[in-house]
file final15.csv (CSV, C-alpha atoms)
chain,number,residue,atom,x,y,z
A,17,MET,CA,0.0,0.0,0.0
A,18,PRO,CA,1.7,3.2,-1.1
A,19,LYS,CA,2.2,5.8,1.6
A,20,GLY,CA,-0.7,8.4,1.6
A,21,THR,CA,-3.4,6.0,0.4
A,22,ALA,CA,-6.4,5.3,2.6
A,23,MET,CA,-6.3,2.5,5.2
A,24,GLU,CA,-7.9,-0.7,3.7
A,25,LEU,CA,-10.2,-3.0,5.7
A,26,ARG,CA,-8.2,-6.1,4.7
A,27,ASP,CA,-5.1,-4.5,6.3
A,28,LEU,CA,-7.2,-3.8,9.5
A,29,LYS,CA,-8.4,-7.4,9.4
A,30,THR,CA,-4.8,-8.6,9.2
A,31,PHE,CA,-3.8,-6.3,12.0
A,32,ALA,CA,-6.7,-7.5,14.2
A,33,ALA,CA,-5.8,-11.2,13.6
A,34,VAL,CA,-2.1,-10.6,14.6
A,35,ALA,CA,-3.1,-8.5,17.6
A,36,ALA,CA,-5.5,-11.3,18.8
A,37,SER,CA,-3.0,-14.1,18.4
A,38,LEU,CA,0.3,-12.2,18.8
A,39,SER,CA,1.6,-14.4,16.1
A,40,PHE,CA,2.1,-13.8,12.4
A,41,ASN,CA,2.0,-17.5,11.7
A,42,ARG,CA,-1.3,-18.1,13.6
A,43,ALA,CA,-2.8,-15.0,12.0
A,44,ALA,CA,-1.9,-16.3,8.5
A,45,GLN,CA,-3.5,-19.6,9.3
A,46,ALA,CA,-6.7,-17.9,10.6
A,47,LEU,CA,-6.8,-15.7,7.5
A,48,ASN,CA,-6.0,-18.7,5.2
A,49,THR,CA,-3.1,-16.8,3.6
A,50,ALA,CA,0.7,-16.9,3.5
A,51,GLN,CA,2.7,-15.5,6.5
A,52,SER,CA,4.6,-13.3,4.0
A,53,THR,CA,1.3,-11.7,3.0
A,54,VAL,CA,0.5,-11.0,6.6
A,55,SER,CA,3.9,-9.4,7.2
A,56,ALA,CA,3.6,-7.3,4.0
A,57,ARG,CA,0.2,-6.0,5.0
A,58,ILE,CA,1.3,-5.1,8.5
A,59,ALA,CA,4.4,-3.4,7.1
A,60,ALA,CA,2.2,-1.4,4.7
A,61,LEU,CA,-0.2,-0.4,7.5
A,62,GLU,CA,2.7,0.8,9.7
A,63,GLU,CA,4.1,2.8,6.8
A,64,GLU,CA,0.7,4.3,6.1
A,65,LEU,CA,0.2,5.3,9.8
A,66,GLY,CA,3.8,6.3,10.4
A,67,VAL,CA,4.1,4.3,13.6
A,68,ARG,CA,5.3,0.8,14.7
A,69,LEU,CA,2.3,-1.4,15.7
A,70,PHE,CA,4.2,-4.4,16.9
A,71,ASP,CA,7.5,-5.1,18.6
A,72,ARG,CA,9.2,-8.1,17.1
A,73,LEU,CA,11.7,-9.9,19.3
A,74,GLY,CA,12.6,-13.1,17.6
A,75,ARG,CA,9.5,-15.2,17.5
A,76,THR,CA,7.8,-13.0,20.2
A,77,VAL,CA,5.3,-10.4,19.0
A,78,ALA,CA,3.9,-7.6,21.3
A,79,LEU,CA,1.6,-4.7,20.6
A,80,THR,CA,3.2,-1.3,21.0
A,81,GLU,CA,1.4,1.6,22.6
A,82,ALA,CA,0.2,2.7,19.2
A,83,GLY,CA,-0.9,-0.8,18.4
A,84,LEU,CA,-2.9,-1.0,21.5
A,85,ARG,CA,-4.7,2.2,20.6
A,86,LEU,CA,-5.4,0.9,17.1
A,87,GLN,CA,-6.7,-2.4,18.3
A,88,GLY,CA,-9.9,-0.8,19.7
A,89,PHE,CA,-10.5,1.3,16.6
A,90,ALA,CA,-9.9,-1.7,14.3
A,91,ARG,CA,-12.5,-3.8,16.2
A,92,LYS,CA,-15.0,-1.0,15.9
A,93,MET,CA,-14.5,-0.5,12.2
A,94,LEU,CA,-14.6,-4.2,11.5
A,95,ASP,CA,-17.8,-4.6,13.6
A,96,LEU,CA,-19.3,-1.7,11.7
A,97,GLU,CA,-18.5,-3.4,8.4
A,98,GLU,CA,-20.1,-6.6,9.6
A,99,GLU,CA,-23.1,-4.7,10.8
A,100,ALA,CA,-23.5,-2.8,7.5
A,101,ARG,CA,-23.3,-5.9,5.4
A,102,ALA,CA,-25.9,-7.7,7.5
A,103,TRP,CA,-28.2,-4.7,7.5
A,104,VAL,CA,-28.0,-4.2,3.7
A,105,ALA,CA,-28.5,-7.9,3.2
A,106,GLY,CA,-31.6,-7.9,5.5
A,107,ALA,CA,-30.1,-10.4,7.9
A,108,GLY,CA,-32.3,-11.2,10.8
A,109,HIS,CA,-29.5,-11.1,13.4
A,110,LEU,CA,-27.1,-8.2,13.2
A,111,GLY,CA,-23.6,-8.7,14.6
A,112,GLY,CA,-21.3,-5.9,15.7
A,113,SER,CA,-20.8,-4.4,19.1
A,114,LEU,CA,-21.8,-1.5,21.3
A,115,THR,CA,-19.8,0.0,24.2
A,116,VAL,CA,-22.0,2.0,26.7
A,117,ARG,CA,-20.8,3.9,29.7
A,118,VAL,CA,-23.5,4.0,32.4
A,119,PRO,CA,-23.5,4.7,36.2
A,120,GLU,CA,-23.8,1.4,38.2
A,121,SER,CA,-27.0,2.3,40.0
A,122,LEU,CA,-28.7,3.3,36.7
A,123,CYS,CA,-27.6,0.1,35.0
A,124,VAL,CA,-28.8,-2.0,37.9
A,125,HIS,CA,-32.1,-0.3,38.5
A,126,ARG,CA,-33.2,1.3,35.2
A,127,MET,CA,-31.6,-0.6,32.3
A,128,GLU,CA,-32.9,-4.2,32.8
A,129,GLY,CA,-35.7,-3.7,30.3
A,130,VAL,CA,-33.4,-2.0,27.8
A,131,ILE,CA,-30.8,-4.8,27.9
A,132,ARG,CA,-33.4,-7.6,27.8
A,133,ARG,CA,-35.3,-6.1,24.8
A,134,PHE,CA,-32.0,-5.3,23.0
A,135,ARG,CA,-30.8,-8.9,23.5
A,136,GLU,CA,-34.1,-10.2,22.2
A,137,ARG,CA,-33.8,-8.0,19.1
A,138,PHE,CA,-30.1,-8.6,18.4
A,139,PRO,CA,-28.9,-11.8,20.0
A,140,SER,CA,-25.7,-11.8,18.0
A,141,ALA,CA,-24.6,-8.3,19.0
A,142,ARG,CA,-22.0,-7.8,21.6
A,143,LEU,CA,-22.9,-5.3,24.3
A,144,SER,CA,-20.3,-3.9,26.7
A,145,LEU,CA,-21.6,-1.9,29.7
A,146,ILE,CA,-18.8,-0.2,31.7
A,147,SER,CA,-19.0,2.2,34.6
A,148,CYS,CA,-19.4,5.9,34.0
A,149,ALA,CA,-17.0,8.6,35.0
A,150,LEU,CA,-16.9,12.1,33.6
A,151,ASP,CA,-13.1,12.1,33.3
A,152,GLY,CA,-12.2,11.3,29.7
A,153,LEU,CA,-15.8,10.9,28.6
A,154,GLU,CA,-15.8,13.5,25.8
A,155,GLU,CA,-12.5,12.1,24.3
A,156,ASP,CA,-13.8,8.5,24.4
A,157,LEU,CA,-17.0,9.5,22.6
A,158,ARG,CA,-15.0,11.5,20.1
A,159,GLN,CA,-12.6,8.7,19.3
A,160,GLY,CA,-15.4,6.1,19.1
A,161,VAL,CA,-14.0,4.1,22.1
A,162,THR,CA,-17.4,4.6,23.7
A,163,ASP,CA,-20.5,4.6,21.5
A,164,LEU,CA,-23.0,6.1,24.1
A,165,ALA,CA,-22.9,7.3,27.6
A,166,PHE,CA,-25.4,8.0,30.4
A,167,VAL,CA,-24.6,10.4,33.2
A,168,TYR,CA,-26.4,11.7,36.3
A,169,MET,CA,-26.3,15.5,35.8
A,170,ASP,CA,-28.8,18.3,35.3
A,171,GLN,CA,-26.9,19.6,32.3
A,172,LEU,CA,-23.7,18.9,30.3
A,173,VAL,CA,-22.2,21.6,28.0
A,174,ALA,CA,-19.8,20.3,25.4
A,175,GLY,CA,-19.6,21.5,21.9
A,176,ASP,CA,-18.9,18.1,20.3
A,177,LEU,CA,-21.6,16.3,22.2
A,178,LYS,CA,-25.3,15.8,21.9
A,179,VAL,CA,-27.2,15.6,25.1
A,180,GLU,CA,-30.8,14.4,25.8
A,181,LEU,CA,-32.6,14.6,29.1
A,182,LEU,CA,-34.4,11.3,29.8
A,183,GLY,CA,-35.9,12.2,33.1
A,184,GLU,CA,-35.2,13.2,36.7
A,185,GLU,CA,-33.9,10.7,39.3
A,186,PRO,CA,-35.0,11.3,42.9
A,187,LEU,CA,-32.1,11.2,45.4
A,188,VAL,CA,-32.1,10.4,49.1
A,189,LEU,CA,-29.7,10.7,52.0
A,190,ALA,CA,-29.4,7.4,53.8
A,191,ALA,CA,-27.6,5.9,56.8
A,192,ALA,CA,-27.8,2.9,59.1
A,193,PRO,CA,-30.8,3.0,61.5
A,194,SER,CA,-28.4,3.1,64.4
A,195,HIS,CA,-26.7,6.3,63.0
A,196,ALA,CA,-27.3,9.4,65.1
A,197,LEU,CA,-28.7,11.4,62.1
A,198,ALA,CA,-31.3,8.6,61.5
A,199,ARG,CA,-33.0,9.5,64.7
A,200,ARG,CA,-33.3,13.2,63.8
A,201,ARG,CA,-36.7,14.5,62.5
A,202,LYS,CA,-35.3,17.5,60.6
A,203,LEU,CA,-32.0,17.7,58.8
A,204,GLY,CA,-30.5,20.6,56.8
A,205,PRO,CA,-27.0,21.2,55.4
A,206,ALA,CA,-25.6,22.2,58.9
A,207,SER,CA,-26.5,18.8,60.2
A,208,PHE,CA,-23.6,17.2,58.3
A,209,GLN,CA,-20.9,19.2,59.9
A,210,GLY,CA,-18.1,16.7,60.7
A,211,VAL,CA,-20.2,13.7,59.5
A,212,PRO,CA,-18.3,11.2,57.5
A,213,LEU,CA,-19.6,10.7,54.0
A,214,LEU,CA,-19.6,7.5,51.9
A,215,LEU,CA,-19.3,8.5,48.2
A,216,SER,CA,-19.8,6.7,45.0
A,217,LYS,CA,-16.9,7.2,42.7
A,218,GLY,CA,-18.4,5.7,39.6
A,219,ASP,CA,-21.9,7.2,39.6
A,220,CYS,CA,-20.7,10.4,38.1
A,221,SER,CA,-21.8,13.7,39.5
A,222,TYR,CA,-24.7,13.7,42.0
A,223,ARG,CA,-22.2,13.4,44.8
A,224,ARG,CA,-20.5,16.6,43.5
A,225,MET,CA,-23.9,18.3,43.7
A,226,PHE,CA,-24.3,17.4,47.4
A,227,GLU,CA,-20.6,18.3,48.2
A,228,GLY,CA,-21.3,21.6,46.4
A,229,LEU,CA,-24.4,22.2,48.5
A,230,LEU,CA,-22.4,21.6,51.7
A,231,THR,CA,-19.6,23.9,50.5
A,232,GLU,CA,-22.2,26.6,49.7
A,233,HIS,CA,-23.4,26.5,53.3
A,234,ARG,CA,-19.8,26.4,54.6
A,235,VAL,CA,-20.3,22.9,56.0
A,236,GLU,CA,-17.2,20.7,56.4
A,237,PRO,CA,-18.2,17.0,56.5
A,238,GLY,CA,-16.0,14.4,58.0
A,239,THR,CA,-13.4,12.3,56.1
A,240,ALA,CA,-15.0,10.8,53.0
A,241,LEU,CA,-14.8,7.1,51.9
A,242,GLU,CA,-14.9,6.6,48.1
A,243,PHE,CA,-16.3,3.4,46.6
A,244,SER,CA,-16.2,2.1,43.0
A,245,SER,CA,-18.8,-0.4,43.9
A,246,LEU,CA,-22.3,0.6,44.9
A,247,ALA,CA,-22.9,-2.7,46.6
A,248,ALA,CA,-19.8,-2.3,48.8
A,249,LEU,CA,-20.9,1.3,49.6
A,250,LYS,CA,-24.3,0.1,50.9
A,251,VAL,CA,-22.8,-2.7,53.0
A,252,CYS,CA,-20.5,-0.2,54.8
A,253,LEU,CA,-23.4,2.3,55.0
A,254,SER,CA,-25.5,-0.3,56.8
A,255,GLN,CA,-22.6,-0.8,59.3
A,256,GLY,CA,-22.9,2.8,60.4
A,257,LEU,CA,-19.7,4.1,58.8
A,258,GLY,CA,-21.3,7.3,57.6
A,259,VAL,CA,-24.0,8.9,55.4
A,260,ALA,CA,-24.5,8.6,51.7
A,261,ILE,CA,-26.5,10.3,49.0
A,262,LEU,CA,-28.0,7.7,46.6
A,263,PRO,CA,-30.7,7.4,44.0
A,264,ALA,CA,-33.8,6.6,45.9
A,265,VAL,CA,-34.3,3.5,43.8
A,266,ALA,CA,-30.9,2.2,44.8
A,267,ALA,CA,-31.7,2.4,48.5
A,268,ARG,CA,-35.3,1.2,48.4
A,269,GLU,CA,-34.7,-2.5,49.1
A,270,GLU,CA,-32.3,-1.9,51.9
A,271,CYS,CA,-34.7,0.6,53.5
A,272,ALA,CA,-37.6,-1.9,53.2
A,273,ARG,CA,-35.5,-4.5,54.9
A,274,GLY,CA,-34.4,-2.2,57.7
A,275,LEU,CA,-30.8,-2.2,56.8
A,276,LEU,CA,-30.8,1.5,55.9
A,277,ARG,CA,-33.0,4.5,56.7
A,278,GLU,CA,-33.8,7.5,54.6
A,279,LEU,CA,-32.9,10.7,56.5
A,280,ALA,CA,-35.4,13.4,57.1
A,281,TRP,CA,-33.9,16.0,54.8
A,282,THR,CA,-35.8,19.3,55.0
A,283,GLY,CA,-34.0,21.3,52.3
A,284,ASP,CA,-35.0,21.5,48.6
A,285,PRO,CA,-35.9,18.1,47.1
A,286,LEU,CA,-32.8,16.2,46.0
A,287,ALA,CA,-32.8,15.0,42.4
A,288,THR,CA,-30.5,14.8,39.4
A,289,GLY,CA,-31.1,14.5,35.7
A,290,ILE,CA,-30.5,11.4,33.7
A,291,LEU,CA,-28.7,12.4,30.5
A,292,MET,CA,-28.0,10.3,27.4
A,293,VAL,CA,-24.8,11.6,25.6
A,294,TRP,CA,-23.2,10.8,22.3
A,295,HIS,CA,-20.8,12.5,19.9
A,296,ARG,CA,-22.3,14.9,17.4
A,297,ALA,CA,-20.5,13.3,14.5
A,298,LYS,CA,-21.4,9.7,15.6
A,299,TRP,CA,-23.2,7.6,12.9
A,300,ILE,CA,-26.3,6.2,14.5
A,301,SER,CA,-26.1,2.6,13.4
A,302,PRO,CA,-29.1,0.3,13.6
A,303,LEU,CA,-27.7,-1.2,16.7
A,304,LEU,CA,-27.0,2.1,18.4
A,305,GLY,CA,-30.3,3.7,17.2
A,306,THR,CA,-32.3,0.7,18.6
A,307,PHE,CA,-30.5,0.9,22.0
A,308,MET,CA,-31.2,4.6,22.2
A,309,ASP,CA,-34.9,4.2,21.3
A,310,LEU,CA,-35.3,1.4,23.9
A,311,THR,CA,-33.8,3.6,26.5
A,312,ARG,CA,-36.1,6.5,25.6
A,313,GLU,CA,-39.0,4.1,26.2
A,314,GLU,CA,-37.9,2.2,29.3
A,315,ILE,CA,-36.2,4.8,31.5
A,316,PRO,CA,-39.1,7.5,31.5
A,317,GLN,CA,-41.6,4.6,32.1
A,318,GLY,CA,-39.6,3.3,35.0
A,319,LEU,CA,-39.3,6.8,36.5
A,320,GLN,CA,-43.1,7.2,36.5
A,321,GLY,CA,-43.3,4.3,39.0
A,322,THR,CA,-40.7,5.8,41.3

call {"tool": "encode", "arguments": {"input": "final15.csv", "output": "structure tokens"}}
result
Amino acid sequence: MPKGTAMELRDLKTFAAVAASLSFNRAAQALNTAQSTVSARIAALEEELGVRLFDRLGRTVALTEAGLRLQGFARKMLDLEEEARAWVAGAGHLGGSLTVRVPESLCVHRMEGVIRRFRERFPSARLSLISCALDGLEEDLRQGVTDLAFVYMDQLVAGDLKVELLGEEPLVLAAAPSHALARRRKLGPASFQGVPLLLSKGDCSYRRMFEGLLTEHRVEPGTALEFSSLAALKVCLSQGLGVAILPAVAAREECARGLLRELAWTGDPLATGILMVWHRAKWISPLLGTFMDLTREEIPQGLQGT
């Protein structure tokens, strides 16, 4: 492939095969071609991109940093080709994949219907659901590493992103029934002076909202504990280690079982928006479009029963 020409899908397929097996010989066998052809295509791709994709140490092959970056994009492009072929041919079961970033509590309590209906519609599609964090989100959406994201925020301003409000998620402050604040009939921001907080690291931004509220009232809570797992947070919460702000739906079962108690907050109602976010230039494939439409149906319907 002469330098300066467009990247070819066959070269990406060759790269993906070598990256998967870390062997030029096994890649050649998988592609039913000669090893020399595999080597030539990888060399042409490296020349086209101007980077080295593999380190070759004798018979050992390893992806370089550039190769690791390309691996995710290659998978996306090859999945898209597969999806386009199946869609044009009218195939009943589309292949391909979607990568969706979503807060854990939203995934657990609001996405079950979406996932079930999507799986029924596209049983051959691969769906990857990963925890959501604002850091790096815009870049991942821009690069196509993430196809779609959901965040707990009232608004998100970013020039390259499209944002759709799906509804408003009620929030509660909760603690163990034995916690001192659980016995209080009225609680405002000042009640949390010196009180340890248990905070969810992966559920995006509603924790920031509460921290901002305390800062606004010049309240300094106690030392915070951060959790990447909502389940772990709730276990520690039930042991009386502090107070947490949670989506009401995420605390409902534990409150009903007497493991947690909703605190008597007397300030303005606590709530956060549920935003669906994607890149402005993103092609809405049949897989992605279906997932988005199912979400637009299921989440607002679930919120009505909250």

call {"tool": "closest_residue", "arguments": {"input": "final15.csv", "among": "A:Gly129, A:Gly66, A:Gly183, A:Gly112", "to": "A:Met292", "atoms": "only C-alpha atoms"}}
result
A:Gly183

call {"tool": "residues_around", "arguments": {"input": "final15.csv", "residues": "A:Lys202", "least_positions_apart": "2", "cutoff": "10 Å", "atoms": "only C-alpha atoms", "output": "list in words"}}
result
Leu197, Ala198, Arg199, Arg200, Gly204, Ser207, Leu279, Ala280, Trp281, Thr282 and Gly283 of chain A

call {"tool": "atom_distance", "arguments": {"input": "final15.csv", "atom1": "atom CA of A:Met225", "atom2": "atom CA of A:Val130"}}
result
27.5 Å

call {"tool": "atom_distance", "arguments": {"input": "final15.csv", "atom1": "atom CA of A:Arg57", "atom2": "atom CA of A:Asp27"}}
result
5.7 Å

call {"tool": "atom_distance", "arguments": {"input": "final15.csv", "atom1": "atom CA of A:Phe138", "atom2": "atom CA of A:Asp163"}}
result
16.6 Å

call {"tool": "residues_around", "arguments": {"input": "final15.csv", "residues": "A:Glu242", "least_positions_apart": "3", "cutoff": "7 Å", "atoms": "all atoms listed in the file", "output": "list of chain:residue names"}}
result
A:Leu214, A:Leu215, A:Ser216, A:Lys217

call {"tool": "closest_residue", "arguments": {"input": "final15.csv", "among": "A:Leu38, A:Ala267, A:Ala174, A:Ala44", "to": "A:Val188", "atoms": "all atoms listed in the file"}}
result
A:Ala267

call {"tool": "closest_residue", "arguments": {"input": "final15.csv", "among": "A:Thr306, A:Gln209, A:Gln171, A:Gln320", "to": "A:Thr288", "atoms": "all atoms listed in the file"}}
result
A:Gln171

call {"tool": "closest_residue", "arguments": {"input": "final15.csv", "among": "A:Ala192, A:Val67, A:Leu25, A:Ile290", "to": "A:Leu253", "atoms": "all atoms listed in the file"}}
result
A:Ala192

call {"tool": "closest_residue", "arguments": {"input": "final15.csv", "among": "A:Ala90, A:Glu24, A:Val179, A:His195", "to": "A:Gly289", "atoms": "all atoms listed in the file"}}
result
A:Val179

call {"tool": "residues_around", "arguments": {"input": "final15.csv", "residues": "A:Arg68", "least_positions_apart": "5", "cutoff": "8 Å", "atoms": "only C-alpha atoms", "output": "PyMOL selection string"}}
result
chain A and resi 62+80+82-83

call {"tool": "residues_around", "arguments": {"input": "final15.csv", "residues": "A:Thr162", "least_positions_apart": "5", "cutoff": "6 Å", "atoms": "all atoms listed in the file", "output": "list in words"}}
result
Thr115, Asp156 and Leu157 of chain A

call {"tool": "closest_residue", "arguments": {"input": "final15.csv", "among": "A:Ser113, A:Ser55, A:Ser37, A:Thr49", "to": "A:Leu79", "atoms": "all atoms listed in the file"}}
result
A:Ser37

call {"tool": "residues_around", "arguments": {"input": "final15.csv", "residues": "A:Ile300", "least_positions_apart": "6", "cutoff": "12 Å", "atoms": "all atoms listed in the file", "output": "number ranges by chain"}}
result
A: 96, 99-100, 114, 160, 163-164, 294, 306-309

call {"tool": "write_last_selection", "arguments": {"input": "final15.csv", "atoms": "C-alpha atoms", "output": "mmCIF file, in the coordinates of the input"}}
result
data_model
loop_
_atom_site.group_PDB
_atom_site.id
_atom_site.type_symbol
_atom_site.label_atom_id
_atom_site.label_comp_id
_atom_site.auth_asym_id
_atom_site.auth_seq_id
_atom_site.Cartn_x
_atom_site.Cartn_y
_atom_site.Cartn_z
ATOM 1 C CA LEU A 96 -19.300 -1.700 11.700
ATOM 2 C CA GLU A 99 -23.100 -4.700 10.800
ATOM 3 C CA ALA A 100 -23.500 -2.800 7.500
ATOM 4 C CA LEU A 114 -21.800 -1.500 21.300
ATOM 5 C CA GLY A 160 -15.400 6.100 19.100
ATOM 6 C CA ASP A 163 -20.500 4.600 21.500
ATOM 7 C CA LEU A 164 -23.000 6.100 24.100
ATOM 8 C CA TRP A 294 -23.200 10.800 22.300
ATOM 9 C CA THR A 306 -32.300 0.700 18.600
ATOM 10 C CA PHE A 307 -30.500 0.900 22.000
ATOM 11 C CA MET A 308 -31.200 4.600 22.200
ATOM 12 C CA ASP A 309 -34.900 4.200 21.300
#

call {"tool": "residues_near_point", "arguments": {"input": "final15.csv", "point": "(-37.1, 9.3, 33.6)", "cutoff": "8 Å", "atoms": "all atoms listed in the file", "output": "CSV table (one decimal) with C-alpha atoms, in the coordinates of the input"}}
result
chain,number,residue,atom,x,y,z
A,182,LEU,CA,-34.4,11.3,29.8
A,183,GLY,CA,-35.9,12.2,33.1
A,184,GLU,CA,-35.2,13.2,36.7
A,185,GLU,CA,-33.9,10.7,39.3
A,290,ILE,CA,-30.5,11.4,33.7
A,315,ILE,CA,-36.2,4.8,31.5
A,316,PRO,CA,-39.1,7.5,31.5
A,317,GLN,CA,-41.6,4.6,32.1
A,318,GLY,CA,-39.6,3.3,35.0
A,319,LEU,CA,-39.3,6.8,36.5
A,320,GLN,CA,-43.1,7.2,36.5

call {"tool": "residues_near_point", "arguments": {"input": "final15.csv", "point": "(-29.4, 0.2, 32.2)", "cutoff": "12 Å", "atoms": "only C-alpha atoms", "output": "count of residues only"}}
result
40
